[in-house]
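A.B. asks: Before we start, here is the structure in question, set down as structure tokens.
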Amino acid sequence: AQRVTQPEKLLSVFKGAPVELKCNYSYSGSPELFWYVQYSRQRLQLLLRHISRESIKGFTADLNKGETSFHLKKPFAQEEDSAMYYCALSTQGAQKLVFGQGTRLTINP
Amino acid sequence: GAVVSQHPSRVICKSGTSVKIECRSLDFQATTMFWYRQFPKQSLMLMATSNEGSKATYEQGVEKDKFLINHASLTLSTLTVTSAHPEDSSFYICSARVPRWVNEQFFGPGTRLTVL
């Protein structure tokens, strides 16, 4: 079965510091990985997906198949980055997403 | 584009009653919609996949007779919680898949159900 693990429930960093939200997955085939973000009192929205290989709001994430990881990184955190972040996986041919437990990121001023 | 709405945003009902939650895709046709459940401070758990014009596919452990899903049109899926009990109290979220963006889902704002 597919599984997504986000080891940190809470992560707090200071403004301007680098931030890394960890995500590991287990799946024997070729997965498609996503990061979703949920700002306070807003709906869940897609932040980025690994196949796009783009940077959104300064965030990047690289799929490392050897380590089965898809960590989310930003070199300089901003206060507006405070939110709940979910890593999700979709398997080949499947339509559904499997979510990790989520990490609440707090950026301190 | 790709906006998904849910109605109602919150509902309080008595134990034993049934509650219907609507999920609509406002500016696109969604052949596939998904229903999730989220407990406080926990992640989203997929309950079922709803395909227009066919029966929903339920995840293991989800009672199909308790959580009735209907996807009668390309823009509307409904979730009916039948004979609701306090343990059904939760945050229910729907999402829709945009066909041209394979595997990308757009989420509704969620419905908070409280069963007294």
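Letters A, B, ... go to the chains of the structure tokens in the order shown; residues in each chain start at 1; ligands are counted from 1 in the same order.
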Please give the complete set of residues from chain B that DSSP, run on the backbone, assigns to strand (DSSP E), formatted as an MDAnalysis selection string.

C.D. replies: chainID B and resid 4:7 10:13 19:25 32:38 44:51 57:58 67:73 76:81 90:97 105:107 111:115

A.B. asks: Given only C-alpha atoms, how would the per-residue table for chain B near chain A read, listing every residue at most 10 Å away with its closest atom pair and distance in Å to one decimal, sorted by chain and number, as CSV?

C.D. replies:
residue,atom,partner,partner_atom,distance
B:Val4,CA,A:Arg43,CA,9.9
B:Thr32,CA,A:Gln95,CA,8.5
B:Met33,CA,A:Lys96,CA,9.6
B:Phe34,CA,A:Lys96,CA,7.9
B:Lys41,CA,A:Gly102,CA,8.8
B:Gln42,CA,A:Gln101,CA,6.3
B:Ser43,CA,A:Gln101,CA,4.7
B:Leu44,CA,A:Phe99,CA,6.5
B:Met45,CA,A:Phe99,CA,7.5
B:Leu46,CA,A:Val98,CA,7.6
B:Ala48,CA,A:Lys96,CA,9.2
B:Thr49,CA,A:Lys96,CA,7.6
B:Ile93,CA,A:Arg43,CA,9.1
B:Ser95,CA,A:Leu44,CA,9.5
B:Arg97,CA,A:Gln95,CA,8.2
B:Val102,CA,A:Gln95,CA,8.0
B:Asn103,CA,A:Gln95,CA,5.8
B:Glu104,CA,A:Leu46,CA,8.0
B:Gln105,CA,A:Leu46,CA,7.9
B:Phe106,CA,A:Gln45,CA,6.8
B:Phe107,CA,A:Leu44,CA,5.9
B:Gly108,CA,A:Arg43,CA,6.4
B:Pro109,CA,A:Arg43,CA,4.7
B:Gly110,CA,A:Arg43,CA,7.4

A.B. asks: Write out as an NGL selection string the residues lying within 10 Å of Thr17 of chain B, counting only C-alpha atoms and excluding same-chain residues fewer than 4 positions away.

C.D. replies: :B and (13 or 81-85 or 115)

A.B. asks: Kindly export the residues of the current selection with C-alpha atoms, as an mmCIF file, in the first residue's frame.

C.D. replies:
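Written file, again_36.cif:
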data_model
loop_
_atom_site.group_PDB
_atom_site.id
_atom_site.type_symbol
_atom_site.label_atom_id
_atom_site.label_comp_id
_atom_site.auth_asym_id
_atom_site.auth_seq_id
_atom_site.Cartn_x
_atom_site.Cartn_y
_atom_site.Cartn_z
ATOM 1 C CA CYS B 13 -28.239 17.981 13.292
ATOM 2 C CA VAL B 81 -24.757 10.923 5.879
ATOM 3 C CA THR B 82 -27.641 8.662 6.827
ATOM 4 C CA SER B 83 -28.820 8.169 10.405
ATOM 5 C CA ALA B 84 -26.040 10.382 11.659
ATOM 6 C CA HIS B 85 -24.483 9.761 15.055
ATOM 7 C CA VAL B 115 -24.229 15.632 15.282
#

A.B. asks: Fewer than 4 positions away in the same chain doesn't count, so skip those; otherwise give me all residues within 12 Å of Glu22 of chain B, counting only C-alpha atoms, as number ranges by chain.

C.D. replies: B: 4-10, 33-35, 68-73, 75-81, 92-95, 108-111

A.B. asks: Would you pick out the contacts of Val19 of chain A at 10 Å or less, using only C-alpha atoms, so that residues sharing its chain but fewer than 2 positions from it are not included, and give the list as a ChimeraX atom specification?

C.D. replies: /A:11-17,21-22,59,72-78,105,107

A.B. asks: Which residues are near His50 of chain A? Cut-off 10 Å, only C-alpha atoms, ignore same chain within fewer than 2 positions. Put them as number ranges by chain.

C.D. replies: A: 31-35, 48, 52-54, 60-63, 70

A.B. asks: Restricting the calculation to only C-alpha atoms: of B:Arg112, B:Lys20, B:Lys14, B:Lys64, which residue gets closest to Pro40 of chain B?

C.D. replies: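 Nearest to Pro40 of chain B: B:Arg112.
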
A.B. asks: Between atom CA of Pro99 of chain B and atom CA of Cys87 of chain A, what distance in Å does the model show, to one decimal?

C.D. replies: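 Here the two named atoms are 21.6 Å from each other.
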
A.B. asks: Which is closer to Leu26 of chain B than all the others in B:Ala96, B:Ile12, B:Val62, B:Ala56, using only C-alpha atoms?

C.D. replies: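 Smallest separation from Leu26 of chain B among the options: B:Ala96.
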